[in-house]
Protein chains: 2
Amino acid sequence: MAPQVADPAAPHGLLNAKQQHLLDQLQEASEELTGQDLHARLRGTPHGMGLATVYRHLRHLQQRGLVRCRHLPSGEALFAPTERDEHHLTCVDCGSTVVLRSCPMHETHLNPQQLGGYQLLFHTLEFFGLCPGCQERQGSA
Amino acid sequence: MAPQVADPAAPHGLLNAKQQHLLDQLQEASEELTGQDLHARLRGTPHGMGLATVYRHLRHLQQRGLVRCRHLPSGEALFAPTERDEHHLTCVDCGSTVVLRSCPMHETHLNPQQLGGYQLLFHTLEFFGLCPGCQERQGSA
DNA sequence: TCCACGAATGAGTATCGTTCTCATAGGCAT
DNA sequence: ATGCCTATGAGAACGATACTCATTCGTGGA
């Protein structure tokens with residue numbers, strides 16, 4: 001698998017080795033991962049780390065704007081690298097999800113007054129609706 | 001406890017009296033409320049209801065597209081009526097929030113292919129960044 | 001009017017993802 | 001080596017939400 005020696009110079013200057021491994025995992029994964037997922041994936045590898053550390057670093061990555069998270073109705077948080085500008089359309093009934101390959105916001109900008117001095121890091125955009133199956137099921141009920 | 005007499009004609013045909021009261025509370029409130037907030041606000045009034053019922057109905061309202069929720073980093077869910085098209089800019093560090101009075105998405109539409117047959121109910125849009133205070137604090141640290 | 005049955009309700013409990021605690025390990029400069 | 005600081009992780013604590021299930025309400029039929 002991956003080299004086991006800590007990167008002497010991580011791509012993101014501010015990240016330590018474990019944070020970098022978490023980010024790598026997220027970037028390699030084709031989909032969003034939960035904290036538990038990440039913990040499980042790294043377990044057994046040379047980069048394994050405790051759950052507390054996983055969550056600690058996910059928070060740091062988020063505060064640096066490298067990782068975004070969204071919450072499922074179940075309460076789980078799904079993490080993804082912000083460089084992947086994908087968003088989701090979720091069924092409020094069954095929870096099924098469609099990935100929107102392109103961000104409808106594109107480069108829609110907030111004006112300075114709206115920003116109020118904030119330094120913008122990333123955004124989350126989620127659409128909710130009824131999937132075809134649930135529409136049908138509700139219609140017949 | 002007082003028996004709940006169903007409103008003969010609730011504004012939303014599909015809602016029972018308790019669901020309507022929850023929706024009323026959300027619409028009257030100037031800000032988003034948590035499930036616990038709603039439970040506390042209704043306690044003591046003729047419309048009081050158990051926490052389980054609050055969450056049950058909030059889920060129903062969400063499934064009908066009348067209510068939207070977003071999650072704070074703390075894990076709490078904040079509910080607001082979807083008719084109020086307000087979104088937020090939140091500091092990833094201190095959690096302070098700015099309300100965006102106008103939705104930057106306006107009427108940006110998803111094309112039918114993106115929708116994949118889903119019936120769109122509402123969306124959530126959140127921006128994350130660093131507030132002026134945290135920028136300064138991090139800069140000096 | 002009375003009865004029966006399904007839906008709604010809520011008090012308490014269970015669940016489970018996330019955060020916290022705190023003792024220990026690892027670096028690093030002295 | 002010695003002390004100091006940060007990072008780490010095991011386990012417990014926490015807290016919001018979902019579930020259980022006995023009870024109540026509402027409604028329609030007899």
# chains A, B, ... in the order shown; residues from 1 in each chain; ligands from 1

call {"tool": "calpha_fit_and_write", "arguments": {"fixed": "chain B", "moving": "chain A", "output": "compact mmCIF listing (two decimals) with N, CA and C atoms, in the first residue's frame"}}
result
# COMPACT_ATOMS: atom_id res chain seq x y z
N MET A 1 -53.63 31.71 25.10
CA MET A 1 -52.82 31.34 23.93
C MET A 1 -53.70 30.85 22.79
N ALA A 2 -53.29 29.84 22.14
CA ALA A 2 -54.00 29.34 20.97
C ALA A 2 -55.20 28.50 21.41
N PRO A 3 -56.14 28.36 20.54
CA PRO A 3 -57.29 27.51 20.83
C PRO A 3 -56.84 26.09 21.11
N GLN A 4 -57.59 25.40 21.91
CA GLN A 4 -57.13 24.09 22.39
C GLN A 4 -57.82 22.98 21.66
N VAL A 5 -58.79 23.32 20.87
CA VAL A 5 -59.51 22.29 20.14
C VAL A 5 -58.80 22.03 18.81
N ALA A 6 -58.69 20.78 18.47
CA ALA A 6 -58.01 20.44 17.23
C ALA A 6 -58.69 21.12 16.04
N ASP A 7 -57.87 21.67 15.15
CA ASP A 7 -58.44 22.30 13.98
C ASP A 7 -59.22 21.27 13.19
N PRO A 8 -60.45 21.54 12.90
CA PRO A 8 -61.22 20.60 12.09
C PRO A 8 -60.66 20.51 10.67
N ALA A 9 -60.17 21.62 10.18
CA ALA A 9 -59.60 21.60 8.84
C ALA A 9 -58.30 22.38 8.84
N ALA A 10 -57.23 21.65 8.95
CA ALA A 10 -55.91 22.29 9.01
C ALA A 10 -55.58 22.89 7.65
N PRO A 11 -54.85 24.02 7.64
CA PRO A 11 -54.43 24.67 6.39
C PRO A 11 -53.79 23.72 5.40
N HIS A 12 -53.02 22.79 5.92
CA HIS A 12 -52.43 21.80 5.02
C HIS A 12 -53.21 20.51 5.19
N GLY A 13 -53.98 20.21 4.22
CA GLY A 13 -54.91 19.09 4.32
C GLY A 13 -54.32 17.83 4.93
N LEU A 14 -53.03 17.62 4.71
CA LEU A 14 -52.46 16.34 5.11
C LEU A 14 -51.98 16.31 6.55
N LEU A 15 -52.06 17.44 7.23
CA LEU A 15 -51.48 17.49 8.56
C LEU A 15 -52.52 17.26 9.65
N ASN A 16 -52.13 16.54 10.67
CA ASN A 16 -53.01 16.45 11.82
C ASN A 16 -52.72 17.62 12.75
N ALA A 17 -53.48 17.69 13.84
CA ALA A 17 -53.38 18.87 14.70
C ALA A 17 -51.98 19.08 15.26
N LYS A 18 -51.34 18.02 15.69
CA LYS A 18 -50.03 18.18 16.31
C LYS A 18 -48.99 18.62 15.29
N GLN A 19 -49.09 18.06 14.11
CA GLN A 19 -48.15 18.48 13.07
C GLN A 19 -48.35 19.94 12.76
N GLN A 20 -49.61 20.36 12.73
CA GLN A 20 -49.89 21.76 12.44
C GLN A 20 -49.33 22.68 13.53
N HIS A 21 -49.42 22.25 14.77
CA HIS A 21 -48.90 23.08 15.85
C HIS A 21 -47.39 23.22 15.76
N LEU A 22 -46.75 22.15 15.38
CA LEU A 22 -45.30 22.23 15.21
C LEU A 22 -44.96 23.24 14.12
N LEU A 23 -45.67 23.13 13.02
CA LEU A 23 -45.41 24.03 11.91
C LEU A 23 -45.68 25.48 12.32
N ASP A 24 -46.75 25.68 13.08
CA ASP A 24 -47.08 27.02 13.57
C ASP A 24 -45.93 27.58 14.41
N GLN A 25 -45.44 26.76 15.31
CA GLN A 25 -44.33 27.19 16.16
C GLN A 25 -43.14 27.63 15.32
N LEU A 26 -42.84 26.85 14.33
CA LEU A 26 -41.68 27.17 13.49
C LEU A 26 -41.91 28.47 12.73
N GLN A 27 -43.12 28.66 12.29
CA GLN A 27 -43.41 29.87 11.52
C GLN A 27 -43.43 31.09 12.42
N GLU A 28 -43.86 30.92 13.66
CA GLU A 28 -43.91 32.06 14.57
C GLU A 28 -42.52 32.44 15.08
N ALA A 29 -41.66 31.44 15.17
CA ALA A 29 -40.32 31.72 15.70
C ALA A 29 -39.53 32.56 14.69
N SER A 30 -38.71 33.43 15.21
CA SER A 30 -37.94 34.29 14.32
C SER A 30 -36.71 33.58 13.82
N GLU A 31 -36.40 32.45 14.44
CA GLU A 31 -35.18 31.76 14.03
C GLU A 31 -35.43 30.25 13.97
N GLU A 32 -34.43 29.54 13.56
CA GLU A 32 -34.54 28.10 13.47
C GLU A 32 -34.60 27.49 14.87
N LEU A 33 -35.29 26.39 14.98
CA LEU A 33 -35.43 25.73 16.27
C LEU A 33 -34.98 24.28 16.18
N THR A 34 -34.46 23.78 17.29
CA THR A 34 -34.12 22.37 17.34
C THR A 34 -35.35 21.57 17.78
N GLY A 35 -35.26 20.28 17.66
CA GLY A 35 -36.34 19.43 18.13
C GLY A 35 -36.58 19.65 19.62
N GLN A 36 -35.50 19.76 20.35
CA GLN A 36 -35.59 20.00 21.79
C GLN A 36 -36.27 21.32 22.08
N ASP A 37 -35.91 22.35 21.31
CA ASP A 37 -36.55 23.65 21.47
C ASP A 37 -38.06 23.53 21.34
N LEU A 38 -38.47 22.89 20.27
CA LEU A 38 -39.89 22.76 20.01
C LEU A 38 -40.59 22.01 21.14
N HIS A 39 -39.96 20.95 21.57
CA HIS A 39 -40.52 20.18 22.66
C HIS A 39 -40.68 21.05 23.90
N ALA A 40 -39.67 21.84 24.20
CA ALA A 40 -39.70 22.71 25.38
C ALA A 40 -40.77 23.79 25.24
N ARG A 41 -40.87 24.36 24.04
CA ARG A 41 -41.82 25.45 23.84
C ARG A 41 -43.26 24.99 23.98
N LEU A 42 -43.50 23.77 23.58
CA LEU A 42 -44.88 23.27 23.61
C LEU A 42 -45.23 22.67 24.96
N ARG A 43 -44.22 22.39 25.75
CA ARG A 43 -44.49 21.77 27.04
C ARG A 43 -45.29 22.75 27.91
N GLY A 44 -46.29 22.25 28.55
CA GLY A 44 -47.10 23.11 29.39
C GLY A 44 -48.26 23.73 28.65
N THR A 45 -48.16 23.85 27.34
CA THR A 45 -49.29 24.35 26.57
C THR A 45 -50.24 23.20 26.29
N PRO A 46 -51.41 23.50 25.81
CA PRO A 46 -52.35 22.42 25.48
C PRO A 46 -51.84 21.57 24.32
N HIS A 47 -50.77 22.03 23.67
CA HIS A 47 -50.29 21.29 22.51
C HIS A 47 -49.03 20.50 22.81
N GLY A 48 -48.73 20.35 24.10
CA GLY A 48 -47.52 19.63 24.46
C GLY A 48 -47.52 18.23 23.88
N MET A 49 -46.32 17.74 23.55
CA MET A 49 -46.23 16.37 23.05
C MET A 49 -44.84 15.82 23.37
N GLY A 50 -44.72 14.53 23.35
CA GLY A 50 -43.45 13.90 23.70
C GLY A 50 -42.38 14.16 22.65
N LEU A 51 -41.14 13.98 23.06
CA LEU A 51 -40.02 14.21 22.15
C LEU A 51 -40.12 13.31 20.93
N ALA A 52 -40.47 12.07 21.16
CA ALA A 52 -40.57 11.14 20.04
C ALA A 52 -41.55 11.65 19.01
N THR A 53 -42.67 12.18 19.48
CA THR A 53 -43.68 12.69 18.56
C THR A 53 -43.18 13.93 17.83
N VAL A 54 -42.47 14.77 18.54
CA VAL A 54 -41.90 15.95 17.90
C VAL A 54 -41.02 15.53 16.73
N TYR A 55 -40.12 14.62 16.96
CA TYR A 55 -39.19 14.21 15.91
C TYR A 55 -39.92 13.47 14.79
N ARG A 56 -40.86 12.64 15.18
CA ARG A 56 -41.64 11.92 14.18
C ARG A 56 -42.30 12.90 13.23
N HIS A 57 -42.94 13.91 13.78
CA HIS A 57 -43.68 14.84 12.95
C HIS A 57 -42.75 15.77 12.17
N LEU A 58 -41.62 16.09 12.75
CA LEU A 58 -40.67 16.92 12.01
C LEU A 58 -40.20 16.18 10.76
N ARG A 59 -40.03 14.89 10.91
CA ARG A 59 -39.62 14.10 9.76
C ARG A 59 -40.73 14.11 8.69
N HIS A 60 -41.97 13.96 9.16
CA HIS A 60 -43.08 13.97 8.21
C HIS A 60 -43.18 15.32 7.50
N LEU A 61 -43.03 16.37 8.27
CA LEU A 61 -43.13 17.71 7.68
C LEU A 61 -42.03 17.89 6.64
N GLN A 62 -40.88 17.33 6.96
CA GLN A 62 -39.77 17.44 6.02
C GLN A 62 -40.06 16.64 4.75
N GLN A 63 -40.64 15.48 4.92
CA GLN A 63 -40.95 14.65 3.76
C GLN A 63 -42.04 15.26 2.90
N ARG A 64 -42.82 16.17 3.48
CA ARG A 64 -43.84 16.84 2.70
C ARG A 64 -43.31 18.14 2.12
N GLY A 65 -42.05 18.45 2.44
CA GLY A 65 -41.47 19.66 1.88
C GLY A 65 -41.89 20.93 2.61
N LEU A 66 -42.46 20.81 3.80
CA LEU A 66 -42.91 21.99 4.54
C LEU A 66 -41.85 22.51 5.48
N VAL A 67 -40.90 21.66 5.79
CA VAL A 67 -39.87 22.02 6.76
C VAL A 67 -38.52 21.59 6.23
N ARG A 68 -37.54 22.42 6.48
CA ARG A 68 -36.18 22.11 6.05
C ARG A 68 -35.32 22.02 7.30
N CYS A 69 -34.26 21.25 7.27
CA CYS A 69 -33.37 21.25 8.43
C CYS A 69 -31.92 21.28 8.00
N ARG A 70 -31.12 21.87 8.86
CA ARG A 70 -29.68 21.86 8.64
C ARG A 70 -29.03 21.46 9.94
N HIS A 71 -27.82 20.96 9.87
CA HIS A 71 -27.15 20.45 11.06
C HIS A 71 -26.02 21.35 11.48
N LEU A 72 -25.96 21.61 12.77
CA LEU A 72 -24.81 22.32 13.32
C LEU A 72 -23.68 21.33 13.52
N PRO A 73 -22.46 21.85 13.61
CA PRO A 73 -21.33 20.96 13.87
C PRO A 73 -21.56 20.15 15.14
N SER A 74 -22.33 20.69 16.06
CA SER A 74 -22.58 20.00 17.33
C SER A 74 -23.44 18.76 17.12
N GLY A 75 -24.04 18.63 15.95
CA GLY A 75 -24.89 17.48 15.70
C GLY A 75 -26.36 17.80 15.84
N GLU A 76 -26.67 18.95 16.40
CA GLU A 76 -28.06 19.34 16.51
C GLU A 76 -28.63 19.67 15.15
N ALA A 77 -29.89 19.40 14.98
CA ALA A 77 -30.56 19.76 13.74
C ALA A 77 -31.43 20.97 14.00
N LEU A 78 -31.34 21.94 13.11
CA LEU A 78 -32.16 23.14 13.21
C LEU A 78 -33.23 23.09 12.14
N PHE A 79 -34.46 23.35 12.55
CA PHE A 79 -35.59 23.26 11.63
C PHE A 79 -36.16 24.63 11.34
N ALA A 80 -36.60 24.80 10.12
CA ALA A 80 -37.25 26.04 9.72
C ALA A 80 -38.27 25.72 8.64
N PRO A 81 -39.31 26.52 8.55
CA PRO A 81 -40.27 26.30 7.47
C PRO A 81 -39.62 26.63 6.13
N THR A 82 -39.90 25.82 5.13
CA THR A 82 -39.25 26.04 3.83
C THR A 82 -39.74 27.32 3.17
N GLU A 83 -40.92 27.77 3.55
CA GLU A 83 -41.42 29.00 2.94
C GLU A 83 -40.51 30.18 3.26
N ARG A 84 -39.75 30.05 4.33
CA ARG A 84 -38.80 31.10 4.67
C ARG A 84 -37.48 30.78 3.97
N ASP A 85 -37.24 31.47 2.89
CA ASP A 85 -36.09 31.12 2.05
C ASP A 85 -34.81 31.82 2.52
N GLU A 86 -34.48 31.56 3.78
CA GLU A 86 -33.28 32.17 4.36
C GLU A 86 -32.17 31.14 4.45
N HIS A 87 -30.95 31.60 4.24
CA HIS A 87 -29.85 30.68 4.38
C HIS A 87 -28.77 31.31 5.25
N HIS A 88 -27.66 30.61 5.43
CA HIS A 88 -26.74 31.05 6.47
C HIS A 88 -25.29 31.02 6.06
N LEU A 89 -24.56 31.90 6.71
CA LEU A 89 -23.11 31.97 6.57
C LEU A 89 -22.54 31.72 7.96
N THR A 90 -21.81 30.65 8.10
CA THR A 90 -21.38 30.21 9.42
C THR A 90 -19.86 30.18 9.53
N CYS A 91 -19.38 30.60 10.68
CA CYS A 91 -17.93 30.56 10.91
C CYS A 91 -17.51 29.15 11.30
N VAL A 92 -16.56 28.60 10.58
CA VAL A 92 -16.13 27.22 10.85
C VAL A 92 -15.38 27.12 12.17
N ASP A 93 -14.96 28.26 12.70
CA ASP A 93 -14.17 28.24 13.91
C ASP A 93 -15.05 28.44 15.15
N CYS A 94 -15.70 29.59 15.24
CA CYS A 94 -16.47 29.88 16.45
C CYS A 94 -17.94 29.52 16.30
N GLY A 95 -18.38 29.26 15.08
CA GLY A 95 -19.77 28.84 14.90
C GLY A 95 -20.77 29.98 14.79
N SER A 96 -20.30 31.21 14.87
CA SER A 96 -21.23 32.33 14.75
C SER A 96 -21.87 32.33 13.37
N THR A 97 -23.07 32.85 13.31
CA THR A 97 -23.85 32.73 12.09
C THR A 97 -24.44 34.06 11.64
N VAL A 98 -24.42 34.26 10.36
CA VAL A 98 -25.07 35.42 9.76
C VAL A 98 -26.20 34.92 8.88
N VAL A 99 -27.35 35.55 9.01
CA VAL A 99 -28.48 35.15 8.17
C VAL A 99 -28.43 35.91 6.85
N LEU A 100 -28.59 35.16 5.77
CA LEU A 100 -28.66 35.80 4.46
C LEU A 100 -30.13 36.01 4.15
N ARG A 101 -30.55 37.27 4.17
CA ARG A 101 -31.98 37.56 4.03
C ARG A 101 -32.49 37.15 2.65
N SER A 102 -31.63 37.22 1.67
CA SER A 102 -32.09 36.81 0.35
C SER A 102 -31.32 35.59 -0.09
N CYS A 103 -31.97 34.70 -0.76
CA CYS A 103 -31.34 33.47 -1.21
C CYS A 103 -30.58 33.74 -2.50
N PRO A 104 -29.27 33.54 -2.47
CA PRO A 104 -28.46 33.82 -3.67
C PRO A 104 -28.84 32.94 -4.84
N MET A 105 -29.54 31.85 -4.55
CA MET A 105 -29.93 30.97 -5.63
C MET A 105 -31.17 31.49 -6.34
N HIS A 106 -31.91 32.35 -5.64
CA HIS A 106 -33.15 32.85 -6.21
C HIS A 106 -33.88 31.72 -6.91
N GLU A 107 -34.07 31.90 -8.16
CA GLU A 107 -34.83 30.89 -8.88
C GLU A 107 -33.94 30.09 -9.83
N THR A 108 -32.70 29.98 -9.46
CA THR A 108 -31.84 29.11 -10.24
C THR A 108 -32.48 27.73 -10.33
N HIS A 109 -32.63 27.25 -11.52
CA HIS A 109 -33.32 25.98 -11.66
C HIS A 109 -32.37 24.86 -12.05
N LEU A 110 -32.71 23.69 -11.62
CA LEU A 110 -32.01 22.51 -12.10
C LEU A 110 -32.68 22.10 -13.40
N ASN A 111 -31.89 21.67 -14.32
CA ASN A 111 -32.52 21.20 -15.56
C ASN A 111 -33.04 19.78 -15.38
N PRO A 112 -33.96 19.39 -16.20
CA PRO A 112 -34.63 18.09 -16.06
C PRO A 112 -33.64 16.93 -15.96
N GLN A 113 -32.56 17.04 -16.71
CA GLN A 113 -31.60 15.94 -16.66
C GLN A 113 -30.97 15.84 -15.28
N GLN A 114 -30.66 17.00 -14.70
CA GLN A 114 -30.09 16.99 -13.35
C GLN A 114 -31.10 16.44 -12.35
N LEU A 115 -32.37 16.76 -12.56
CA LEU A 115 -33.40 16.34 -11.62
C LEU A 115 -33.63 14.83 -11.64
N GLY A 116 -33.42 14.21 -12.78
CA GLY A 116 -33.54 12.77 -12.88
C GLY A 116 -34.87 12.24 -12.39
N GLY A 117 -35.94 12.98 -12.63
CA GLY A 117 -37.26 12.50 -12.27
C GLY A 117 -37.67 12.85 -10.85
N TYR A 118 -36.76 13.40 -10.07
CA TYR A 118 -37.10 13.78 -8.70
C TYR A 118 -38.08 14.94 -8.71
N GLN A 119 -38.99 14.91 -7.75
CA GLN A 119 -39.87 16.05 -7.54
C GLN A 119 -39.23 16.94 -6.48
N LEU A 120 -38.81 18.11 -6.88
CA LEU A 120 -38.04 18.97 -6.00
C LEU A 120 -38.93 19.58 -4.91
N LEU A 121 -38.47 19.49 -3.66
CA LEU A 121 -39.25 20.04 -2.56
C LEU A 121 -38.62 21.31 -1.98
N PHE A 122 -37.34 21.26 -1.71
CA PHE A 122 -36.67 22.43 -1.14
C PHE A 122 -35.17 22.24 -1.23
N HIS A 123 -34.44 23.24 -0.86
CA HIS A 123 -32.99 23.10 -0.85
C HIS A 123 -32.41 23.72 0.41
N THR A 124 -31.20 23.35 0.72
CA THR A 124 -30.46 24.03 1.77
C THR A 124 -29.17 24.53 1.16
N LEU A 125 -28.81 25.71 1.55
CA LEU A 125 -27.59 26.33 1.03
C LEU A 125 -26.87 26.95 2.21
N GLU A 126 -25.65 26.52 2.43
CA GLU A 126 -24.91 27.08 3.55
C GLU A 126 -23.53 27.51 3.11
N PHE A 127 -23.13 28.63 3.59
CA PHE A 127 -21.78 29.12 3.34
C PHE A 127 -20.98 29.01 4.62
N PHE A 128 -19.72 28.68 4.45
CA PHE A 128 -18.85 28.58 5.61
C PHE A 128 -17.60 29.42 5.38
N GLY A 129 -17.14 30.01 6.44
CA GLY A 129 -15.96 30.84 6.33
C GLY A 129 -15.44 31.20 7.70
N LEU A 130 -14.62 32.21 7.75
CA LEU A 130 -14.08 32.69 9.02
C LEU A 130 -14.66 34.07 9.30
N CYS A 131 -15.20 34.24 10.50
CA CYS A 131 -15.73 35.54 10.86
C CYS A 131 -14.56 36.49 11.13
N PRO A 132 -14.82 37.77 11.11
CA PRO A 132 -13.74 38.74 11.31
C PRO A 132 -12.95 38.48 12.58
N GLY A 133 -13.64 38.15 13.65
CA GLY A 133 -12.96 37.90 14.92
C GLY A 133 -11.98 36.74 14.83
N CYS A 134 -12.42 35.65 14.23
CA CYS A 134 -11.57 34.47 14.15
C CYS A 134 -10.42 34.67 13.16
N GLN A 135 -10.65 35.46 12.14
CA GLN A 135 -9.56 35.79 11.22
C GLN A 135 -8.43 36.48 11.98
N GLU A 136 -8.85 37.42 12.81
CA GLU A 136 -7.86 38.20 13.56
C GLU A 136 -7.13 37.33 14.56
N ARG A 137 -7.94 36.51 15.27
CA ARG A 137 -7.36 35.66 16.30
C ARG A 137 -6.36 34.68 15.69
N GLN A 138 -6.71 34.12 14.50
CA GLN A 138 -5.80 33.17 13.85
C GLN A 138 -4.56 33.88 13.33
N GLY A 139 -4.76 35.08 12.85
CA GLY A 139 -3.63 35.83 12.32
C GLY A 139 -2.58 36.12 13.37
N SER A 140 -3.04 36.39 14.59
CA SER A 140 -2.10 36.74 15.64
C SER A 140 -1.53 35.51 16.32
N ALA A 141 -2.14 34.35 16.08
CA ALA A 141 -1.68 33.13 16.77
C ALA A 141 -0.44 32.55 16.09

call {"tool": "interface_residues", "arguments": {"of": "chain C", "to": "chain B", "cutoff": "12 Å", "atoms": "only C-alpha atoms (C1' of nucleotides)", "output": "number ranges by chain"}}
result
C: 7-12, 17-19

call {"tool": "interface_residues", "arguments": {"of": "chain D", "to": "chain B", "cutoff": "9 Å", "atoms": "only C-alpha atoms (C1' of nucleotides)", "output": "JSON, numbers by chain"}}
result
{"D": [15, 16, 17, 18, 24, 25]}

call {"tool": "write_last_selection", "arguments": {"atoms": "all heavy atoms", "output": "tab-separated table (two decimals), in the first residue's frame"}}
result
chain	number	residue	atom	x	y	z
D	15	DG	P	-24.65	16.99	27.59
D	15	DG	OP1	-24.28	18.41	27.72
D	15	DG	OP2	-25.45	16.31	28.64
D	15	DG	O5'	-25.39	16.79	26.21
D	15	DG	C5'	-24.63	16.74	25.01
D	15	DG	C4'	-25.55	16.36	23.88
D	15	DG	O4'	-25.50	14.94	23.67
D	15	DG	C3'	-27.01	16.71	24.16
D	15	DG	O3'	-27.59	17.16	22.97
D	15	DG	C2'	-27.61	15.37	24.59
D	15	DG	C1'	-26.79	14.39	23.74
D	15	DG	N9	-26.69	13.07	24.32
D	15	DG	C8	-26.74	12.75	25.65
D	15	DG	N7	-26.62	11.47	25.88
D	15	DG	C5	-26.45	10.92	24.62
D	15	DG	C6	-26.27	9.58	24.23
D	15	DG	O6	-26.20	8.57	24.95
D	15	DG	N1	-26.15	9.45	22.85
D	15	DG	C2	-26.20	10.50	21.96
D	15	DG	N2	-26.08	10.20	20.67
D	15	DG	N3	-26.38	11.76	22.31
D	15	DG	C4	-26.50	11.90	23.65
D	16	DA	P	-28.87	18.10	23.04
D	16	DA	OP1	-28.41	19.49	23.05
D	16	DA	OP2	-29.80	17.61	24.07
D	16	DA	O5'	-29.46	17.78	21.61
D	16	DA	C5'	-28.57	17.68	20.52
D	16	DA	C4'	-29.03	16.57	19.61
D	16	DA	O4'	-28.78	15.29	20.22
D	16	DA	C3'	-30.52	16.61	19.28
D	16	DA	O3'	-30.69	16.45	17.90
D	16	DA	C2'	-31.10	15.43	20.07
D	16	DA	C1'	-29.93	14.47	20.13
D	16	DA	N9	-29.93	13.59	21.29
D	16	DA	C8	-30.10	13.96	22.59
D	16	DA	N7	-30.05	12.95	23.43
D	16	DA	C5	-29.83	11.85	22.63
D	16	DA	C6	-29.68	10.48	22.91
D	16	DA	N6	-29.73	9.98	24.15
D	16	DA	N1	-29.48	9.65	21.89
D	16	DA	C2	-29.43	10.15	20.64
D	16	DA	N3	-29.55	11.42	20.25
D	16	DA	C4	-29.76	12.23	21.30
D	17	DT	P	-32.10	16.67	17.26
D	17	DT	OP1	-31.86	17.26	15.95
D	17	DT	OP2	-32.99	17.30	18.23
D	17	DT	O5'	-32.56	15.16	17.02
D	17	DT	C5'	-31.72	14.31	16.27
D	17	DT	C4'	-32.15	12.88	16.44
D	17	DT	O4'	-32.00	12.44	17.80
D	17	DT	C3'	-33.61	12.60	16.08
D	17	DT	O3'	-33.60	11.61	15.06
D	17	DT	C2'	-34.23	12.09	17.38
D	17	DT	C1'	-33.02	11.53	18.10
D	17	DT	N1	-33.11	11.42	19.56
D	17	DT	C2	-32.95	10.19	20.15
D	17	DT	O2	-32.74	9.17	19.51
D	17	DT	N3	-33.03	10.18	21.53
D	17	DT	C4	-33.26	11.28	22.35
D	17	DT	O4	-33.31	11.14	23.56
D	17	DT	C5	-33.42	12.55	21.67
D	17	DT	C7	-33.68	13.77	22.46
D	17	DT	C6	-33.34	12.56	20.33
D	18	DA	P	-34.94	11.16	14.39
D	18	DA	OP1	-34.65	11.05	12.95
D	18	DA	OP2	-36.06	11.97	14.88
D	18	DA	O5'	-35.08	9.68	14.96
D	18	DA	C5'	-33.98	8.79	14.83
D	18	DA	C4'	-34.33	7.45	15.44
D	18	DA	O4'	-34.32	7.56	16.87
D	18	DA	C3'	-35.71	6.92	15.06
D	18	DA	O3'	-35.59	5.53	14.78
D	18	DA	C2'	-36.56	7.20	16.30
D	18	DA	C1'	-35.54	7.12	17.42
D	18	DA	N9	-35.82	8.00	18.56
D	18	DA	C8	-36.09	9.33	18.53
D	18	DA	N7	-36.27	9.87	19.72
D	18	DA	C5	-36.10	8.80	20.59
D	18	DA	C6	-36.15	8.70	22.00
D	18	DA	N6	-36.41	9.75	22.79
D	18	DA	N1	-35.93	7.50	22.55
D	18	DA	C2	-35.67	6.47	21.74
D	18	DA	N3	-35.59	6.44	20.41
D	18	DA	C4	-35.81	7.64	19.90
D	24	DT	P	-55.67	5.75	29.78
D	24	DT	OP1	-55.85	6.57	30.99
D	24	DT	OP2	-56.46	4.52	29.57
D	24	DT	O5'	-55.85	6.70	28.51
D	24	DT	C5'	-54.91	7.74	28.26
D	24	DT	C4'	-55.29	8.46	26.99
D	24	DT	O4'	-54.95	7.64	25.84
D	24	DT	C3'	-56.78	8.79	26.85
D	24	DT	O3'	-56.91	10.13	26.42
D	24	DT	C2'	-57.28	7.79	25.82
D	24	DT	C1'	-56.05	7.59	24.96
D	24	DT	N1	-55.96	6.29	24.24
D	24	DT	C2	-55.68	6.29	22.90
D	24	DT	O2	-55.52	7.31	22.26
D	24	DT	N3	-55.59	5.04	22.34
D	24	DT	C4	-55.74	3.82	22.96
D	24	DT	O4	-55.64	2.78	22.33
D	24	DT	C5	-56.05	3.89	24.36
D	24	DT	C7	-56.25	2.62	25.14
D	24	DT	C6	-56.14	5.11	24.93
D	25	DC	P	-58.33	10.80	26.25
D	25	DC	OP1	-58.25	12.17	26.80
D	25	DC	OP2	-59.36	9.85	26.74
D	25	DC	O5'	-58.44	10.90	24.67
D	25	DC	C5'	-57.31	11.40	23.93
D	25	DC	C4'	-57.63	11.36	22.45
D	25	DC	O4'	-57.46	10.02	21.95
D	25	DC	C3'	-59.05	11.79	22.10
D	25	DC	O3'	-59.00	12.67	20.99
D	25	DC	C2'	-59.75	10.47	21.77
D	25	DC	C1'	-58.60	9.61	21.23
D	25	DC	N1	-58.75	8.16	21.46
D	25	DC	C2	-58.53	7.26	20.40
D	25	DC	O2	-58.25	7.71	19.28
D	25	DC	N3	-58.66	5.93	20.63
D	25	DC	C4	-58.97	5.48	21.83
D	25	DC	N4	-59.07	4.16	22.02
D	25	DC	C5	-59.19	6.37	22.93
D	25	DC	C6	-59.08	7.69	22.70

call {"tool": "select_by_dssp", "arguments": {"residues": "chain A", "states": "strand (DSSP E or B)", "output": "ChimeraX atom specification"}}
result
/A:33-34,67-71,77-81,87-91,97-100,119-130

call {"tool": "residues_around", "arguments": {"residues": "DT6 in chain D", "least_positions_apart": "6", "cutoff": "12 Å", "atoms": "only C-alpha atoms (C1' of nucleotides)", "output": "list of chain:residue names"}}
result
A:Asn16, C:DA25, C:DG26, C:DG27, C:DC28

call {"tool": "residues_around", "arguments": {"residues": "DA30 in chain D", "least_positions_apart": "4", "cutoff": "12 Å", "atoms": "only C-alpha atoms (C1' of nucleotides)", "output": "list in words"}}
result
DT1, DC2, DC3 and DA4 of chain C

call {"tool": "select_by_dssp", "arguments": {"residues": "chain B", "states": "alpha helix (DSSP H)", "output": "ChimeraX atom specification"}}
result
/B:17-28,35-42,51-63,112-115,132-140
